[in-house]
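The file model04.txt contains compact mmCIF, C-alpha atoms:
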# COMPACT_ATOMS: atom_id res chain seq x y z
CA MET A 1 -4.89 -21.80 -3.89
CA ASN A 2 -4.24 -20.90 -0.24
CA ASN A 3 -6.88 -21.46 2.42
CA LEU A 4 -6.66 -19.80 5.83
CA HIS A 5 -4.94 -22.78 7.43
CA GLN A 6 -2.30 -22.99 4.70
CA VAL A 7 -1.61 -19.27 4.97
CA GLN A 8 -1.31 -19.61 8.74
CA GLU A 9 1.23 -22.42 8.40
CA LYS A 10 3.34 -20.55 5.84
CA VAL A 11 3.40 -17.39 7.97
CA ARG A 12 4.15 -19.44 11.07
CA GLN A 13 7.11 -21.21 9.40
CA PHE A 14 8.45 -17.89 8.15
CA ILE A 15 8.30 -16.33 11.61
CA ILE A 16 9.93 -19.34 13.28
CA ASN A 17 12.69 -19.45 10.66
CA THR A 18 13.48 -15.75 10.82
CA SER A 19 13.13 -15.18 14.58
CA TYR A 20 15.11 -18.25 15.76
CA ILE A 21 12.45 -18.72 18.45
CA PRO A 22 11.57 -22.37 19.33
CA ALA A 23 8.34 -23.35 17.54
CA GLU A 24 6.56 -24.24 20.78
CA GLN A 25 6.93 -20.64 21.98
CA VAL A 26 4.99 -19.20 19.05
CA GLN A 27 1.26 -19.86 19.02
CA ASN A 28 -1.01 -18.51 16.32
CA ASP A 29 -2.40 -15.91 18.72
CA THR A 30 0.97 -14.91 20.22
CA LEU A 31 1.50 -11.15 19.97
CA ILE A 32 4.71 -11.37 17.95
CA PHE A 33 5.72 -7.70 18.26
CA ALA A 34 4.42 -6.92 21.73
CA GLN A 35 6.29 -9.98 23.03
CA GLY A 36 9.51 -9.10 21.22
CA ILE A 37 9.55 -12.14 18.91
CA MET A 38 9.81 -9.91 15.83
CA ASP A 39 11.41 -6.46 15.68
CA SER A 40 11.25 -3.66 13.11
CA MET A 41 13.40 -5.58 10.61
CA GLY A 42 11.10 -8.56 11.17
CA PHE A 43 8.10 -6.40 10.36
CA ILE A 44 9.56 -5.29 7.03
CA SER A 45 10.51 -8.91 6.33
CA ILE A 46 6.91 -10.02 6.92
CA ILE A 47 5.64 -7.32 4.53
CA ASP A 48 8.14 -8.59 1.91
CA PHE A 49 7.24 -12.22 2.63
CA ILE A 50 3.51 -11.83 2.07
CA GLU A 51 4.21 -9.88 -1.10
CA ASP A 52 6.56 -12.57 -2.45
CA SER A 53 4.51 -15.58 -1.29
CA PHE A 54 0.93 -14.43 -1.85
CA SER A 55 1.33 -11.43 -4.20
CA ILE A 56 -0.24 -9.23 -1.51
CA SER A 57 0.86 -5.61 -1.18
CA ALA A 58 0.02 -3.90 2.09
CA THR A 59 -0.81 -0.21 1.86
CA ASP A 60 0.22 2.32 4.52
CA ASN A 61 -3.28 2.28 6.01
CA GLU A 62 -3.17 -1.49 6.35
CA LEU A 63 0.00 -1.51 8.48
CA ILE A 64 -1.97 -1.72 11.72
CA GLU A 65 -2.04 -4.07 14.67
CA ALA A 66 -5.31 -5.65 13.61
CA ASN A 67 -3.56 -6.97 10.49
CA PHE A 68 -0.10 -7.82 11.84
CA GLU A 69 -0.05 -8.38 15.60
CA SER A 70 -0.07 -12.21 15.41
CA ILE A 71 0.10 -15.13 12.98
CA ASP A 72 -3.71 -15.30 13.09
CA ALA A 73 -4.02 -11.61 12.28
CA ILE A 74 -1.57 -11.82 9.37
CA ALA A 75 -3.22 -14.97 7.96
CA GLN A 76 -6.67 -13.39 8.13
CA PHE A 77 -5.39 -10.20 6.51
CA VAL A 78 -3.73 -12.16 3.69
CA SER A 79 -6.82 -14.33 3.17
CA ARG A 80 -9.08 -11.26 2.98
CA LYS A 81 -6.77 -9.64 0.43
CA ILE A 82 -6.64 -12.84 -1.66
CA GLN A 83 -10.45 -13.08 -1.61
CA LEU A 84 -10.76 -9.44 -2.60
CA ALA A 85 -8.29 -9.91 -5.46
CA ASN A 86 -10.22 -13.00 -6.63
CA CYS A 87 -13.53 -11.11 -6.54
CA LEU A 88 -12.08 -8.26 -8.55
CA SER A 89 -10.64 -10.60 -11.16
CA THR A 90 -13.90 -12.52 -11.74
CA MET B 91 5.65 12.17 43.65
CA VAL B 92 8.99 10.40 44.05
CA LEU B 93 11.16 10.19 40.95
CA LYS B 94 13.56 7.36 40.20
CA ASN B 95 16.49 9.63 41.01
CA ASN B 96 15.03 10.17 44.50
CA THR B 97 14.46 13.87 44.05
CA LEU B 98 11.11 15.41 44.82
CA LYS B 99 10.88 17.60 41.74
CA PRO B 100 7.34 17.49 40.35
CA PHE B 101 7.00 16.67 36.66
CA SER B 102 6.26 19.77 34.62
CA GLU B 103 7.01 21.17 31.19
CA ASN B 104 9.98 22.98 32.74
CA ILE B 105 11.52 19.97 34.44
CA LEU B 106 14.48 19.87 32.05
CA ASN B 107 15.38 23.51 32.59
CA PHE B 108 18.77 23.88 34.27
CA GLU B 109 18.67 25.87 37.50
CA SER B 110 21.98 27.31 36.33
CA VAL B 111 23.12 26.84 32.74
CA GLU B 112 26.40 28.48 33.66
CA LYS B 113 27.05 25.79 36.25
CA GLU B 114 26.46 23.02 33.72
CA VAL B 115 28.68 24.71 31.12
CA THR B 116 31.42 25.10 33.72
CA ARG B 117 31.05 21.47 34.81
CA ILE B 118 31.21 20.08 31.24
CA SER B 119 34.06 22.38 30.23
CA GLY B 120 36.10 21.44 33.30
CA LYS B 121 35.58 17.74 32.69
CA LEU B 122 36.35 18.13 28.98
CA LYS B 123 39.65 19.88 29.71
CA ASP B 124 40.65 17.26 32.25
CA ASP B 125 39.67 14.34 29.99
CA ILE B 126 41.48 15.70 26.91
CA LEU B 127 44.67 16.84 28.61
CA ARG B 128 45.08 14.47 31.53
CA VAL B 129 43.10 11.30 30.72
CA LEU B 130 43.62 11.10 26.95
CA LYS B 131 46.89 13.04 27.05
CA ARG B 132 46.05 14.99 23.91
CA LYS B 133 46.89 18.64 23.17
CA GLY B 134 43.61 19.90 21.77
CA ALA B 135 40.29 19.03 20.15
CA VAL B 136 39.06 18.31 16.64
CA ILE B 137 35.31 18.66 15.99
CA GLY B 138 33.33 18.05 12.83
CA ILE B 139 31.09 21.10 12.36
CA SER B 140 27.95 20.99 10.26
CA GLY B 141 26.18 24.22 11.14
CA GLY B 142 23.81 22.21 13.33
CA ILE B 143 23.03 22.93 16.95
CA ASP B 144 24.80 19.89 18.45
CA SER B 145 28.19 20.35 16.79
CA SER B 146 28.00 24.11 17.43
CA VAL B 147 27.42 23.69 21.16
CA THR B 148 30.15 21.03 21.31
CA LEU B 149 32.64 23.36 19.62
CA ALA B 150 31.74 26.22 21.96
CA LEU B 151 32.22 23.95 24.98
CA ALA B 152 35.61 22.85 23.68
CA VAL B 153 36.66 26.49 23.21
CA ASN B 154 35.47 27.20 26.73
CA ALA B 155 37.51 24.27 27.99
CA LEU B 156 40.77 24.69 26.07
CA GLY B 157 40.79 28.10 24.39
CA ALA B 158 40.21 28.75 20.69
CA ASP B 159 43.84 28.10 19.71
CA LYS B 160 43.56 24.45 20.73
CA VAL B 161 40.32 23.70 18.87
CA THR B 162 39.97 22.95 15.14
CA GLY B 163 36.61 22.79 13.39
CA ILE B 164 36.48 20.50 10.37
CA MET B 165 33.81 20.93 7.69
CA LEU B 166 33.12 17.74 5.76
CA PRO B 167 30.70 18.50 2.94
CA GLU B 168 29.85 16.08 0.14
CA ARG B 169 27.74 16.14 -3.00
CA ASP B 170 24.41 15.97 -1.17
CA SER B 171 25.20 18.47 1.61
CA SER B 172 23.20 21.65 1.89
CA PRO B 173 25.36 24.74 1.12
CA GLU B 174 23.79 26.32 4.21
CA SER B 175 25.68 23.83 6.39
CA LYS B 176 29.06 25.23 5.33
CA GLU B 177 27.95 28.87 5.63
CA LEU B 178 26.71 28.34 9.17
CA ALA B 179 29.75 26.28 10.18
CA LEU B 180 32.02 29.12 9.02
CA LYS B 181 29.91 31.67 10.88
CA LEU B 182 30.28 29.59 14.04
CA ALA B 183 34.03 29.21 13.62
CA ASN B 184 34.44 32.96 13.07
CA LYS B 185 32.36 33.75 16.13
CA PHE B 186 34.50 31.53 18.36
CA GLY B 187 37.80 32.31 16.61
CA VAL B 188 38.76 28.74 15.80
CA GLN B 189 40.77 27.48 12.84
CA THR B 190 38.73 25.59 10.23
CA ILE B 191 39.65 23.00 7.65
CA GLU B 192 37.38 22.04 4.78
CA GLU B 193 37.57 18.49 3.48
CA ASN B 194 35.17 17.66 0.70
CA ILE B 195 34.58 13.90 0.96
CA THR B 196 32.69 13.48 -2.34
CA GLY B 197 35.71 11.86 -4.01
CA ALA B 198 36.15 9.37 -1.19
CA LEU B 199 32.44 8.54 -1.30
CA ASP B 200 32.61 8.08 -5.07
CA GLY B 201 35.53 5.72 -4.52
CA PHE B 202 33.49 3.67 -2.06
CA GLY B 203 30.60 3.58 -4.52
CA CYS B 204 28.38 5.27 -1.92
CA TYR B 205 26.16 7.15 -4.39
CA GLU B 206 26.13 4.41 -7.02
CA ARG B 207 25.17 1.65 -4.57
CA ARG B 208 22.47 3.82 -2.98
CA ASP B 209 21.02 4.89 -6.31
CA ALA B 210 20.96 1.30 -7.59
CA ALA B 211 18.82 0.30 -4.61
CA VAL B 212 16.48 3.27 -5.15
CA ALA B 213 16.10 2.31 -8.82
CA ASN B 214 15.12 -1.23 -7.75
CA VAL B 215 12.09 0.30 -6.02
CA PHE B 216 11.38 3.05 -8.57
CA PRO B 217 12.71 1.99 -12.03
CA GLU B 218 12.20 5.54 -13.36
CA TYR B 219 14.60 6.97 -10.73
CA ASN B 220 17.87 8.52 -11.81
CA PRO B 221 19.89 10.85 -9.57
CA LYS B 222 20.09 13.61 -12.19
CA ASP B 223 16.36 14.19 -12.42
CA TYR B 224 15.18 13.04 -9.01
CA LYS B 225 15.87 13.71 -5.35
CA MET B 226 15.30 11.03 -2.75
CA LYS B 227 14.90 10.52 0.97
CA ILE B 228 13.85 7.77 3.34
CA GLY B 229 11.89 8.15 6.55
CA ILE B 230 9.78 6.43 9.16
CA ASN B 231 6.05 6.15 8.48
CA HIS B 232 4.25 8.46 10.89
CA SER B 233 1.34 6.05 11.22
CA GLY B 234 3.59 3.66 13.15
CA LEU B 235 4.15 5.94 16.10
CA SER B 236 0.97 5.33 18.01
CA GLN B 237 0.76 1.59 17.61
CA PHE B 238 2.39 -1.47 19.11
CA LEU B 239 3.85 -2.29 15.71
CA PRO B 240 7.44 -1.30 14.93
CA PRO B 241 7.88 1.52 12.43
CA VAL B 242 8.62 0.81 8.79
CA PHE B 243 10.70 2.96 6.50
CA SER B 244 9.40 4.37 3.26
CA ILE B 245 11.25 5.90 0.37
CA THR B 246 10.20 9.09 -1.40
CA ILE B 247 11.46 10.27 -4.77
CA ILE B 248 10.77 13.79 -6.01
CA ASN B 249 11.08 14.64 -9.71
CA TRP B 250 12.14 17.89 -11.37
CA GLU B 251 8.56 19.17 -11.22
CA GLY B 252 8.32 18.54 -7.48
CA ILE B 253 6.02 15.55 -7.89
CA GLU B 254 6.55 13.00 -5.10
CA LYS B 255 6.16 9.23 -5.14
CA ARG B 256 6.40 7.16 -1.97
CA LYS B 257 6.63 3.41 -1.30
CA ILE B 258 7.32 1.18 1.66
CA LEU B 259 10.94 0.07 1.40
CA PRO B 260 11.54 -3.66 0.93
CA VAL B 261 14.16 -5.16 3.27
CA LYS B 262 16.93 -5.63 0.72
CA GLU B 263 16.74 -2.10 -0.66
CA TYR B 264 16.32 -0.56 2.79
CA LEU B 265 19.47 -2.26 4.03
CA GLN B 266 21.45 -1.33 0.92
CA ILE B 267 20.43 2.35 1.03
CA VAL B 268 21.31 2.62 4.72
CA ALA B 269 24.58 0.71 4.34
CA ALA B 270 25.65 2.84 1.34
CA SER B 271 24.66 6.12 3.03
CA ASN B 272 26.60 5.15 6.15
CA PHE B 273 29.81 5.54 4.12
CA LYS B 274 29.24 9.26 4.68
CA GLN B 275 29.47 9.15 8.47
CA ARG B 276 32.27 6.59 8.41
CA SER B 277 34.32 8.63 5.90
CA ARG B 278 33.84 11.71 8.07
CA MET B 279 35.04 9.77 11.10
CA SER B 280 38.18 8.65 9.23
CA MET B 281 38.98 12.19 8.13
CA LEU B 282 38.36 13.61 11.61
CA TYR B 283 40.75 11.05 13.10
CA TYR B 284 43.31 11.86 10.41
CA HIS B 285 43.40 15.47 11.58
CA ALA B 286 43.15 14.54 15.26
CA GLU B 287 46.13 12.19 15.01
CA ARG B 288 48.10 14.60 12.83
CA MET B 289 47.83 17.29 15.51
CA HIS B 290 47.85 14.90 18.49
CA TYR B 291 44.36 16.14 19.35
CA ALA B 292 41.31 14.29 20.70
CA MET B 293 38.29 13.75 18.46
CA ILE B 294 35.18 15.13 20.09
CA GLY B 295 31.84 13.58 19.10
CA THR B 296 28.66 15.61 18.93
CA PRO B 297 25.62 13.34 19.51
CA ASN B 298 23.00 14.32 22.08
CA LYS B 299 21.16 12.01 24.49
CA HIS B 300 18.36 11.09 22.08
CA GLU B 301 20.73 10.23 19.27
CA VAL B 302 22.79 7.95 21.51
CA GLU B 303 19.94 6.26 23.35
CA GLN B 304 17.51 5.90 20.45
CA GLY B 305 20.27 4.80 18.08
CA PHE B 306 20.23 7.73 15.67
CA PHE B 307 23.90 7.41 14.75
CA VAL B 308 26.16 5.23 12.63
CA LYS B 309 28.22 2.64 14.46
CA ASN B 310 31.91 3.45 13.93
CA GLY B 311 30.78 6.60 12.11
CA ASP B 312 29.41 9.61 13.99
CA GLY B 313 29.11 7.19 16.93
CA GLY B 314 32.92 6.92 17.01
CA ALA B 315 34.76 9.54 19.04
CA ASP B 316 37.08 9.93 22.04
CA ILE B 317 34.65 12.01 24.11
CA MET B 318 30.95 12.85 23.69
CA PRO B 319 30.43 15.85 25.97
CA ILE B 320 26.72 16.45 25.22
CA ALA B 321 25.59 12.80 25.10
CA HIS B 322 23.85 13.23 28.47
CA LEU B 323 21.82 16.27 27.35
CA TYR B 324 18.23 16.28 26.13
CA LYS B 325 17.77 18.35 22.99
CA SER B 326 16.04 21.18 24.86
CA GLN B 327 19.02 21.30 27.22
CA VAL B 328 21.37 21.57 24.22
CA TYR B 329 19.34 24.64 23.20
CA GLN B 330 19.65 26.08 26.72
CA LEU B 331 23.43 25.77 26.46
CA ALA B 332 23.33 27.24 22.95
CA GLU B 333 21.61 30.38 24.26
CA TYR B 334 24.07 30.72 27.12
CA LEU B 335 27.10 30.15 24.86
CA GLU B 336 25.72 32.68 22.35
CA ILE B 337 25.69 30.36 19.38
CA PRO B 338 24.73 32.36 16.23
CA ARG B 339 20.96 32.87 16.07
CA GLU B 340 20.66 31.33 12.57
CA ILE B 341 22.02 28.06 13.93
CA ILE B 342 19.69 28.10 16.94
CA ASN B 343 16.71 28.82 14.71
CA ARG B 344 17.62 26.24 12.04
CA THR B 345 15.41 23.14 11.96
CA PRO B 346 17.60 20.07 12.63
CA THR B 347 18.02 18.14 9.38
CA SER B 348 19.55 14.78 8.51
CA ASP B 349 21.55 16.38 5.62
CA THR B 350 22.17 12.87 4.30
CA TYR B 351 19.86 12.32 1.33
CA THR B 352 19.39 14.47 -1.77
CA ALA B 353 15.91 15.67 -0.78
CA GLU B 354 15.57 17.98 2.22
CA GLN B 355 14.45 16.23 5.35
CA THR B 356 14.13 17.15 9.01
CA GLN B 357 15.39 14.84 11.76
CA GLU B 358 11.82 14.70 13.05
CA GLU B 359 10.62 13.38 9.70
CA PHE B 360 13.53 10.97 9.25
CA PHE B 361 13.65 9.38 12.66
CA PHE B 362 12.25 11.00 15.79
CA GLN B 363 8.63 11.36 14.66
CA MET B 364 7.70 14.11 17.12
CA PRO B 365 8.89 17.62 18.07
CA TYR B 366 11.94 17.52 20.34
CA GLN B 367 10.20 19.46 23.10
CA GLU B 368 7.61 16.67 23.45
CA MET B 369 10.13 13.91 22.94
CA ASP B 370 12.35 15.29 25.71
CA LEU B 371 9.55 15.29 28.26
CA ILE B 372 8.24 11.88 27.28
CA TRP B 373 11.73 10.38 27.32
CA TYR B 374 12.32 11.91 30.76
CA GLY B 375 9.01 10.47 31.92
CA LEU B 376 9.95 7.03 30.65
CA GLU B 377 13.40 7.08 32.25
CA ASN B 378 12.06 8.28 35.58
CA GLU B 379 9.02 5.99 35.65
CA ILE B 380 6.55 8.83 35.65
CA SER B 381 3.00 7.67 35.00
CA ALA B 382 1.54 8.10 31.54
CA ASP B 383 -1.36 9.95 33.19
CA GLU B 384 0.93 12.61 34.58
CA VAL B 385 2.98 13.04 31.41
CA GLY B 386 -0.25 13.17 29.39
CA ARG B 387 -1.68 15.84 31.70
CA VAL B 388 1.36 18.09 31.22
CA LEU B 389 1.51 17.55 27.46
CA ASN B 390 -2.25 17.71 27.01
CA LYS B 391 -2.35 14.21 25.53
CA LYS B 392 -4.29 11.09 26.46
CA ALA B 393 -2.51 8.66 28.79
CA GLU B 394 -3.09 5.89 26.22
CA GLU B 395 -1.11 7.86 23.65
CA ILE B 396 1.77 8.32 26.10
CA VAL B 397 1.76 4.56 26.82
CA LEU B 398 2.07 3.86 23.10
CA ILE B 399 4.91 6.36 22.73
CA TYR B 400 6.64 4.83 25.79
CA ASN B 401 6.40 1.44 24.06
CA ASN B 402 7.74 2.89 20.82
CA LEU B 403 10.71 4.47 22.60
CA ARG B 404 11.46 1.28 24.56
CA ARG B 405 11.41 -0.65 21.29
CA LYS B 406 13.77 1.83 19.62
CA GLN B 407 16.14 1.57 22.55
CA LYS B 408 16.06 -2.22 22.48
CA THR B 409 16.39 -2.66 18.73
CA THR B 410 19.39 -0.30 18.58
CA GLU B 411 21.33 -1.97 21.41
CA TYR B 412 23.64 -3.45 18.78
CA LEU B 413 24.80 0.04 17.82
CA ARG B 414 25.91 0.83 21.35
CA MET B 415 27.60 -2.50 21.99
CA ALA B 416 31.38 -2.74 21.99
CA ALA B 417 32.93 -5.62 20.05
CA ILE B 418 32.31 -8.93 21.81
CA THR B 419 35.57 -10.51 22.91
CA TYR B 420 36.40 -13.94 24.34
Can I see the file as C-alpha cells?
Amino acid sequence: MNNLHQVQEKVRQFIINTSYIPAEQVQNDTLIFAQGIMDSMGFISIIDFIEDSFSISATDNELIEANFESIDAIAQFVSRKIQLANCLST
Amino acid sequence: MVLKNNTLKPFSENILNFESVEKEVTRISGKLKDDILRVLKRKGAVIGISGGIDSSVTLALAVNALGADKVTGIMLPERDSSPESKELALKLANKFGVQTIEENITGALDGFGCYERRDAAVANVFPEYNPKDYKMKIGINHSGLSQFLPPVFSITIINWEGIEKRKILPVKEYLQIVAASNFKQRSRMSMLYYHAERMHYAMIGTPNKHEVEQGFFVKNGDGGADIMPIAHLYKSQVYQLAEYLEIPREIINRTPTSDTYTAEQTQEEFFFQMPYQEMDLIWYGLENEISADEVGRVLNKKAEEIVLIYNNLRRKQKTTEYLRMAAITY
C-alpha cells in the first residue's frame, strides 16, 4: 500500500537518480520541466516509472501540467489514480 | 520596434518575404559554386532527391551554381517509400536536365535489421501487430504543444480495414523504433558519399532552418553533408525560392511528409505540430525577441499561446543540442 508520502519519496528518488541533479536542488514543489531538471525523455521515463511502480496508466488527457509539473503533482496524481482503482475494485 | 538584428522592419505576416528572390538565389548559387570548387576542391555536386520541396530547391540551386552536367540527383527509395517520391524526383531531374541514379536501399536496410528491429519494438506495444497486415507511424501528441510539459510520442497502428489504435510509446520501444528507423537516413548518407567520392563531387545536404535548429534530422544521417545551402532558410522562404526556380508545381503543392514509416504521415503531424507558415513567423519572433503580444496580434492568437509555443520551441532547441554537436575531443 502506498500513501502520499511514500509515493512522493519514490518519485523523488526516481527523478534524482535519472536527472543526476543533486538531491538538495529538487524540492517536492520544484517545477521539474519548467526548470529544465527533466526533459522530454525524462517525461516518458516518468510515465513508464509510474506504470511499472504503481500500475498506473496515464491517458492522453491526463498528460497535463497539473499532474506532472512537480514531484507533488505527480504524487497526488498517482495517489488519486490508486484510490480510484481501489474504489472500482471494491 | 527595434529587432535584434538592428533593423527597423516591423513584424508582419510578410516579414519573411525576400525583397528580391533573385538576389538570394544568386547569392546562394555564387557561394555554392565557390565552396564546392574552391573551398572543397570538388568537381560537382551529388544530391539525394526525394520529390520533396527542400531537396528540389537544393538541386535547382546546385544546377544554377554549376550547370546541369556537374550535378547528379540520387534517388534512394526503400520498402516503405511512397512511389510518388520517385515519380516527382524524376520529374524534377528531367526539368533541370540532370543525370539521376536510383539506388534501392531495401537490401541494405534488411541487412542492418532495420525493419525487423523496428517491427519487434512495435509488437512489444501492440502484440497483434505484424507488418504484413498493419501499417504504423509514430508522432508527437498534439496536446503537448500548448503546455509547459515536453511532448511525448505515441505510436499508431492501422489494420487492413483502416482501423487505428494509438498508445503512448514507452521509453524502450520509442528508442528502439527511432534507432532502427535511423538506419534509413544513415544508409542514404553512406550511398550518397559513395557516389560523391566516386565522382570526386561534394555531397550537398538538403535540410532547412527548422529541421536544423529544431533537430528534425538524424545525426550522421541526413544531418551529414559537405554543404547545406538552404539551412538558413525558413520553410516559407524555401517555397519562395521554389516559385522563382520554377520547381514543378506538383512538388510545390505536395504536403511535406516524413516518408519514413509504413503509414502516411505529414511532417506537421510527426514533428512540427503546426503549419509551417505559423511556425516560421513564431520562430522568427522568438529569434528576434519580438513580444508574444505582437506575434499573437499578427497571427490572431492569444499572447499566452505564443508564450507557450516559444517555450516549446526553446525546449526543442535545447533538447536537440546533442544532434548539432560535433564529436567532443580532448
Exercise. Any idea what the distance is between atom CA of Glu251 of chain B and atom CA of Gln355 of chain B?
Worked result: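 Spanning atom CA of Glu251 of chain B to atom CA of Gln355 of chain B is a straight-line distance of 17.8 Å.
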For this session: Pick out the residues sitting within 12 Å of Lys10 of chain A, and hand them over as a list in words; count only C-alpha atoms, and ignore anything fewer than 4 positions along from it in its own chain.
Result: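 Once the adjacent positions are removed, what remains is Asn2, Asn3, Leu4, His5, Gln6, Phe14, Ile15, Ile16, Asn17, Asn28, Ile46, Phe49, Ile50, Asp52, Ser53, Phe54, Ile71, Asp72, Ile74, Ala75 and Val78 of chain A.
Between atom CA of Val161 of chain B and atom CA of Ser110 of chain B the interatomic distance comes to 25.6 Å.
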Exercise. Given a cut-off of 10 Å, which residues of chain B touch chain A, counting all atoms listed in the file, written out as a PyMOL selection string?
Worked result: chain B and resi 231-234+236-244+257-262+264-265+401+405-406+408-409
Exercise. Which residues, written as JSON, numbers by chain, have at least one atom at most 6 Å from segment 185-198 of chain B, with only C-alpha atoms counted and residues fewer than 5 positions away on the same chain left out?
Worked result: {"B": [158, 162, 163, 164, 165, 166, 167, 168, 169]}
Exercise. Could you work out how far atom CA of Phe108 of chain B lies from atom CA of Lys123 of chain B, giving the answer in Å with one decimal?
Worked result: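 That distance, rounded to one decimal, is 21.7 Å.
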Given 4 Å of margin on each side, can you work out the centre and size in Å (one decimal) of an axis-aligned box holding every listed atom of segment 252-271 of chain B, as AutoDock Vina command-line options?
--center_x 15.8 --center_y 6.5 --center_z -1.6 --size_x 27.6 --size_y 32.2 --size_z 20.6
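Near Gln25 of chain A, within a cut-off of 10 Å and counting only C-alpha atoms, sit the residues Ile16, Ile21, Thr30 and Ile37 of chain A, with same-chain residues fewer than 4 positions away left out.
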Kindly save the residues from that selection, with C-alpha atoms included, as a tab-separated table (two decimals), keeping the file's coordinate frame.
chain	number	residue	atom	x	y	z
A	16	ILE	CA	9.93	-19.34	13.28
A	21	ILE	CA	12.45	-18.72	18.45
A	30	THR	CA	0.97	-14.91	20.22
A	37	ILE	CA	9.55	-12.14	18.91
Problem set entry | Shortest interatomic distance to Glu287 of chain B - which of B:Ala135, B:Ala183, B:Ile118, B:Ala353, counting all atoms listed in the file |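 Checking each candidate against Glu287 of chain B, we get B:Ala135 as the closest.
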For this session: Determine, counting all atoms listed in the file, which protein, DNA and RNA residues have an atom within 7 Å of an atom of segment 313-324 of chain B; residues of the same chain fewer than 3 positions away are not included. Present the result as JSON, numbers by chain.
Result: {"B": [118, 148, 279, 292, 293, 294, 295, 296, 297, 298, 299, 300, 302, 307, 308, 309, 310, 327, 328, 370]}
Exercise. Gly141 of chain B: which residues within 8 Å, counting only C-alpha atoms, same-chain residues fewer than 3 positions away excluded, as a VMD selection string?
Worked result: chain B and resid 145 to 146 174 to 180 182 341
Exercise. For His290 of chain B, which of B:Arg132, B:Lys274, B:Lys99, B:Arg117 is the closest residue, counting all atoms listed in the file?
Worked result: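 Once distances to His290 of chain B are computed over all atoms listed in the file, the minimum belongs to B:Arg132.
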For this session: Around the point (23.8, 2.6, -9.0), in the coordinates given by the file, pick out the residues reaching within 12 Å, counting only C-alpha atoms, and return them as JSON, numbers by chain.
Result: {"B": [200, 202, 203, 204, 205, 206, 207, 208, 209, 210, 211, 212, 213, 214, 217, 219, 220, 221, 263, 266, 267, 270]}
Can you write just those residues out, C-alpha atoms, as a compact mmCIF listing (two decimals), in the frame of the given file?
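To be explicit, this is the file written out as part-v2.txt:
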# COMPACT_ATOMS: atom_id res chain seq x y z
CA ASP B 200 32.61 8.08 -5.07
CA PHE B 202 33.49 3.67 -2.06
CA GLY B 203 30.60 3.58 -4.52
CA CYS B 204 28.38 5.27 -1.92
CA TYR B 205 26.16 7.15 -4.39
CA GLU B 206 26.13 4.41 -7.02
CA ARG B 207 25.17 1.65 -4.57
CA ARG B 208 22.47 3.82 -2.98
CA ASP B 209 21.02 4.89 -6.31
CA ALA B 210 20.96 1.30 -7.59
CA ALA B 211 18.82 0.30 -4.61
CA VAL B 212 16.48 3.27 -5.15
CA ALA B 213 16.10 2.31 -8.82
CA ASN B 214 15.12 -1.23 -7.75
CA PRO B 217 12.71 1.99 -12.03
CA TYR B 219 14.60 6.97 -10.73
CA ASN B 220 17.87 8.52 -11.81
CA PRO B 221 19.89 10.85 -9.57
CA GLU B 263 16.74 -2.10 -0.66
CA GLN B 266 21.45 -1.33 0.92
CA ILE B 267 20.43 2.35 1.03
CA ALA B 270 25.65 2.84 1.34
